[in-house]
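To keep things clear, I will list the structure first and then write my remarks on it.
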Amino acid sequence: MRVRVAGHFGEWVQGRLGPSGPVVLVTLPCPMLALQGIALPGPVRVQGMTARAARGFLHRLGLSLPGRVRLRACVAPGLGCGMSTARLVALAQLAGWDGPPEILARACVGVEGASDPLMFAAPEQVLWASRLGLSLGDLPALPRYELVGGFFGGPVRTDPQDDTFPDIADLIAAWRAARGLAGFAALASESAGRTLALRGPVDDPTATLARDLGALGHVIAHTGAARGLIFAPGTVPEQARAALHAAGLRGVMQVRGGGA
């Protein structure tokens, strides 16, 4: 049996829902960045996890290990692409999980302390409390967009105890009311700016690249290295990839999404 779990490329917005509220986010799905898993006959073994940890996770779901499991991610963990959650979702699917995504999310939080909403069919349309594994409501679908991005800096693992994020309650309210791509892009840029001002790095080039290349806005992994520029479909400048490389980003790629 084989499965494929799509990751994400940072977040459109992330922060606290009020000064003392939970950490919430709106993810940016990226099917290009995926984790693949396969279950094979043989002794119980899970690549990237101890058998004990895998059993404990599956026990929360009423499942058992299907045998030898291989999990292969196309990007390293800690880059802001959801590979830790994708690994658990793939393991559950290989063990036969077909239940509600909310239950799977809580099992992921029980193991990792935090989770991305990758188990949902449209994860970008969920206001996600990542430390709780809980949806706090539905969000509007996104219009079509193109994104050129890469990775700046090294990996940063998510610390589930870390809640040092800016208040974005105003951005979430505006996100619920937004419709055009320019509006969503502006909110994403504001969220990125607040997080970088609070957490760094101070030499992050993403906002400057967005301005110089005429992007509608930019996104970041609020914990991680993913950085991206948001464009309307068909408007990505020819020099965009070269500009990102010159600014020190690696793994530069171009992806499409949305479609409200």
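Here's how to read the names in the structure tokens: chain A, B, ... by the order shown, residue numbers from 1 in each chain, ligand numbers from 1 in the order shown.
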Quick one: residues within 10 Å of A:Ala53, only C-alpha atoms counted, chain neighbours fewer than 6 positions away excluded, as an NGL selection string? :A and (46 or 59 or 111)
Please identify all polymer residues within 9 Å of stretch 211-213 of chain A, counting only C-alpha atoms, omitting same-chain residues fewer than 6 positions from it, and present them as a PyMOL selection string. chain A and resi 229+236-237+239-240+243
Please save C-alpha atoms of the selected residues as a PDB file, in the first residue's frame.
```
ATOM      1  CA  LEU A 229       6.146  36.009  -3.157  1.00  0.00           C
ATOM      2  CA  VAL A 236       5.473  36.340 -12.356  1.00  0.00           C
ATOM      3  CA  PRO A 237       8.469  38.276 -13.761  1.00  0.00           C
ATOM      4  CA  GLN A 239      13.788  37.402 -13.406  1.00  0.00           C
ATOM      5  CA  ALA A 240      11.980  36.299 -10.231  1.00  0.00           C
ATOM      6  CA  ALA A 243      16.395  37.370  -7.914  1.00  0.00           C
TER       7      ALA A 243
END
```
Show me, as number ranges by chain, the residues that have an atom within 12 Å of stretch 195-210 of chain A when counting only C-alpha atoms, minus same-chain residues fewer than 6 positions from it. A: 11-16, 147-154, 156, 162-168, 185-186, 188-189, 216-231, 236-237, 239-249
With C-alpha atoms retained, could you export that selection as a PDB file, in the first residue's frame?
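Heads up, here's the output in result.pdb:
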```pdb
ATOM      1  CA  GLU A  11       1.357  30.124   6.381  1.00  0.00           C
ATOM      2  CA  TRP A  12      -0.720  32.917   4.967  1.00  0.00           C
ATOM      3  CA  VAL A  13      -1.069  34.252   8.504  1.00  0.00           C
ATOM      4  CA  GLN A  14      -0.102  33.034  11.962  1.00  0.00           C
ATOM      5  CA  GLY A  15      -0.226  34.503  15.431  1.00  0.00           C
ATOM      6  CA  ARG A  16      -2.310  34.700  18.571  1.00  0.00           C
ATOM      7  CA  LEU A 147       3.818  31.855  -5.756  1.00  0.00           C
ATOM      8  CA  VAL A 148       7.575  31.929  -6.284  1.00  0.00           C
ATOM      9  CA  GLY A 149       9.491  30.905  -3.203  1.00  0.00           C
ATOM     10  CA  GLY A 150      12.363  29.124  -1.578  1.00  0.00           C
ATOM     11  CA  PHE A 151      14.056  28.680   1.766  1.00  0.00           C
ATOM     12  CA  PHE A 152      15.989  31.283   3.728  1.00  0.00           C
ATOM     13  CA  GLY A 153      18.019  30.241   6.752  1.00  0.00           C
ATOM     14  CA  GLY A 154      18.211  26.907   8.498  1.00  0.00           C
ATOM     15  CA  VAL A 156      13.561  25.648  12.944  1.00  0.00           C
ATOM     16  CA  ASP A 162       6.410  28.629  22.235  1.00  0.00           C
ATOM     17  CA  ASP A 163       3.555  31.128  21.999  1.00  0.00           C
ATOM     18  CA  THR A 164       5.680  34.208  21.329  1.00  0.00           C
ATOM     19  CA  PHE A 165       3.690  35.364  18.337  1.00  0.00           C
ATOM     20  CA  PRO A 166       1.998  38.692  17.593  1.00  0.00           C
ATOM     21  CA  ASP A 167      -1.713  39.295  18.056  1.00  0.00           C
ATOM     22  CA  ILE A 168      -3.452  38.825  14.696  1.00  0.00           C
ATOM     23  CA  ALA A 185      -1.770  39.140  -0.074  1.00  0.00           C
ATOM     24  CA  ALA A 186      -1.695  42.363   1.942  1.00  0.00           C
ATOM     25  CA  ALA A 188      -0.245  37.825   4.543  1.00  0.00           C
ATOM     26  CA  SER A 189       2.458  40.486   4.216  1.00  0.00           C
ATOM     27  CA  LEU A 216       1.100  41.592  -4.495  1.00  0.00           C
ATOM     28  CA  GLY A 217       2.557  40.439  -1.186  1.00  0.00           C
ATOM     29  CA  HIS A 218       4.642  37.784   0.499  1.00  0.00           C
ATOM     30  CA  VAL A 219       4.348  34.841   2.875  1.00  0.00           C
ATOM     31  CA  ILE A 220       6.693  33.142   5.312  1.00  0.00           C
ATOM     32  CA  ALA A 221       6.859  30.073   7.450  1.00  0.00           C
ATOM     33  CA  HIS A 222       6.269  31.735  10.806  1.00  0.00           C
ATOM     34  CA  THR A 223       8.379  28.935  12.283  1.00  0.00           C
ATOM     35  CA  GLY A 224      10.726  27.668   9.582  1.00  0.00           C
ATOM     36  CA  ALA A 225      12.600  28.759   6.469  1.00  0.00           C
ATOM     37  CA  ALA A 226       9.946  28.901   3.718  1.00  0.00           C
ATOM     38  CA  ARG A 227       9.573  32.294   2.026  1.00  0.00           C
ATOM     39  CA  GLY A 228       7.360  33.162  -0.941  1.00  0.00           C
ATOM     40  CA  LEU A 229       6.146  36.009  -3.157  1.00  0.00           C
ATOM     41  CA  ILE A 230       2.470  36.192  -4.196  1.00  0.00           C
ATOM     42  CA  PHE A 231       1.490  37.070  -7.758  1.00  0.00           C
ATOM     43  CA  VAL A 236       5.473  36.340 -12.356  1.00  0.00           C
ATOM     44  CA  PRO A 237       8.469  38.276 -13.761  1.00  0.00           C
ATOM     45  CA  GLN A 239      13.788  37.402 -13.406  1.00  0.00           C
ATOM     46  CA  ALA A 240      11.980  36.299 -10.231  1.00  0.00           C
ATOM     47  CA  ARG A 241      13.778  32.990  -9.728  1.00  0.00           C
ATOM     48  CA  ALA A 242      17.182  34.555 -10.354  1.00  0.00           C
ATOM     49  CA  ALA A 243      16.395  37.370  -7.914  1.00  0.00           C
ATOM     50  CA  LEU A 244      15.483  34.904  -5.162  1.00  0.00           C
ATOM     51  CA  HIS A 245      18.681  32.935  -5.759  1.00  0.00           C
ATOM     52  CA  ALA A 246      20.731  36.141  -5.644  1.00  0.00           C
ATOM     53  CA  ALA A 247      19.110  37.082  -2.314  1.00  0.00           C
ATOM     54  CA  GLY A 248      20.273  33.810  -0.761  1.00  0.00           C
ATOM     55  CA  LEU A 249      17.140  31.654  -1.067  1.00  0.00           C
TER      56      LEU A 249
END
```
Can you list, as a list in words, every protein, DNA or RNA residue that comes within 10 Å of A:Asp116 when you count only C-alpha atoms, leaving out same-chain residues fewer than 4 positions away? Gly7, His8, Leu25, Val26, Thr27, Cys81, Gly82, Met83, Ser84, Thr85, Ala86, Ala105, Cys108, Val109, Phe120, Pro123, Trp128, Ala129, Ser130, Arg131, Gly133 and Leu134 of chain A
Written selection (N, CA and C atoms) as a PDB file, in the first residue's frame:
```
ATOM      1  N   GLY A   7       2.135  18.548   1.737  1.00  0.00           N
ATOM      2  CA  GLY A   7       2.563  19.458   2.794  1.00  0.00           C
ATOM      3  C   GLY A   7       2.031  20.872   2.559  1.00  0.00           C
ATOM      4  N   HIS A   8       2.708  21.831   3.140  1.00  0.00           N
ATOM      5  CA  HIS A   8       2.331  23.230   2.948  1.00  0.00           C
ATOM      6  C   HIS A   8       3.591  24.057   2.781  1.00  0.00           C
ATOM      7  N   LEU A  25      -3.519  29.771  12.794  1.00  0.00           N
ATOM      8  CA  LEU A  25      -2.875  29.970  11.500  1.00  0.00           C
ATOM      9  C   LEU A  25      -3.845  29.665  10.367  1.00  0.00           C
ATOM     10  N   VAL A  26      -3.482  30.188   9.200  1.00  0.00           N
ATOM     11  CA  VAL A  26      -4.110  29.812   7.934  1.00  0.00           C
ATOM     12  C   VAL A  26      -3.000  29.250   7.065  1.00  0.00           C
ATOM     13  N   THR A  27      -3.051  27.966   6.801  1.00  0.00           N
ATOM     14  CA  THR A  27      -1.951  27.311   6.099  1.00  0.00           C
ATOM     15  C   THR A  27      -1.985  27.622   4.611  1.00  0.00           C
ATOM     16  N   CYS A  81       7.165  23.238   6.273  1.00  0.00           N
ATOM     17  CA  CYS A  81       6.399  22.579   5.217  1.00  0.00           C
ATOM     18  C   CYS A  81       5.525  21.439   5.744  1.00  0.00           C
ATOM     19  N   GLY A  82       5.430  21.287   7.052  1.00  0.00           N
ATOM     20  CA  GLY A  82       4.491  20.348   7.639  1.00  0.00           C
ATOM     21  C   GLY A  82       4.881  18.890   7.586  1.00  0.00           C
ATOM     22  N   MET A  83       6.165  18.598   7.432  1.00  0.00           N
ATOM     23  CA  MET A  83       6.555  17.199   7.268  1.00  0.00           C
ATOM     24  C   MET A  83       6.327  16.358   8.523  1.00  0.00           C
ATOM     25  N   SER A  84       6.395  16.963   9.703  1.00  0.00           N
ATOM     26  CA  SER A  84       6.138  16.201  10.930  1.00  0.00           C
ATOM     27  C   SER A  84       4.687  15.729  10.976  1.00  0.00           C
ATOM     28  N   THR A  85       3.762  16.621  10.652  1.00  0.00           N
ATOM     29  CA  THR A  85       2.351  16.216  10.605  1.00  0.00           C
ATOM     30  C   THR A  85       2.109  15.244   9.461  1.00  0.00           C
ATOM     31  N   ALA A  86       2.697  15.494   8.295  1.00  0.00           N
ATOM     32  CA  ALA A  86       2.504  14.612   7.139  1.00  0.00           C
ATOM     33  C   ALA A  86       2.959  13.192   7.452  1.00  0.00           C
ATOM     34  N   ALA A 105      -6.282  14.796  13.952  1.00  0.00           N
ATOM     35  CA  ALA A 105      -5.524  15.982  14.363  1.00  0.00           C
ATOM     36  C   ALA A 105      -5.202  15.938  15.853  1.00  0.00           C
ATOM     37  N   CYS A 108      -2.398  13.624  16.506  1.00  0.00           N
ATOM     38  CA  CYS A 108      -1.122  14.223  16.122  1.00  0.00           C
ATOM     39  C   CYS A 108      -0.618  15.175  17.194  1.00  0.00           C
ATOM     40  N   VAL A 109      -1.520  15.992  17.740  1.00  0.00           N
ATOM     41  CA  VAL A 109      -1.131  16.918  18.808  1.00  0.00           C
ATOM     42  C   VAL A 109      -0.678  16.140  20.034  1.00  0.00           C
ATOM     43  N   PHE A 120      -7.180  17.707   6.512  1.00  0.00           N
ATOM     44  CA  PHE A 120      -8.426  18.233   5.984  1.00  0.00           C
ATOM     45  C   PHE A 120      -8.366  18.334   4.462  1.00  0.00           C
ATOM     46  N   PRO A 123      -7.357  22.459   3.675  1.00  0.00           N
ATOM     47  CA  PRO A 123      -6.777  22.959   4.932  1.00  0.00           C
ATOM     48  C   PRO A 123      -6.661  24.469   5.001  1.00  0.00           C
ATOM     49  N   TRP A 128      -7.046  27.455  12.041  1.00  0.00           N
ATOM     50  CA  TRP A 128      -6.502  26.309  12.752  1.00  0.00           C
ATOM     51  C   TRP A 128      -5.769  26.712  14.017  1.00  0.00           C
ATOM     52  N   ALA A 129      -6.201  26.176  15.157  1.00  0.00           N
ATOM     53  CA  ALA A 129      -5.476  26.336  16.430  1.00  0.00           C
ATOM     54  C   ALA A 129      -4.476  25.200  16.516  1.00  0.00           C
ATOM     55  N   SER A 130      -3.240  25.473  16.152  1.00  0.00           N
ATOM     56  CA  SER A 130      -2.258  24.409  15.919  1.00  0.00           C
ATOM     57  C   SER A 130      -1.828  23.686  17.179  1.00  0.00           C
ATOM     58  N   ARG A 131      -1.867  24.349  18.326  1.00  0.00           N
ATOM     59  CA  ARG A 131      -1.473  23.688  19.582  1.00  0.00           C
ATOM     60  C   ARG A 131      -2.621  22.884  20.181  1.00  0.00           C
ATOM     61  N   GLY A 133      -5.055  21.402  17.990  1.00  0.00           N
ATOM     62  CA  GLY A 133      -5.567  20.476  16.987  1.00  0.00           C
ATOM     63  C   GLY A 133      -7.045  20.687  16.747  1.00  0.00           C
ATOM     64  N   LEU A 134      -7.424  21.959  16.621  1.00  0.00           N
ATOM     65  CA  LEU A 134      -8.843  22.296  16.623  1.00  0.00           C
ATOM     66  C   LEU A 134      -9.147  23.364  15.586  1.00  0.00           C
TER      67      LEU A 134
END
```
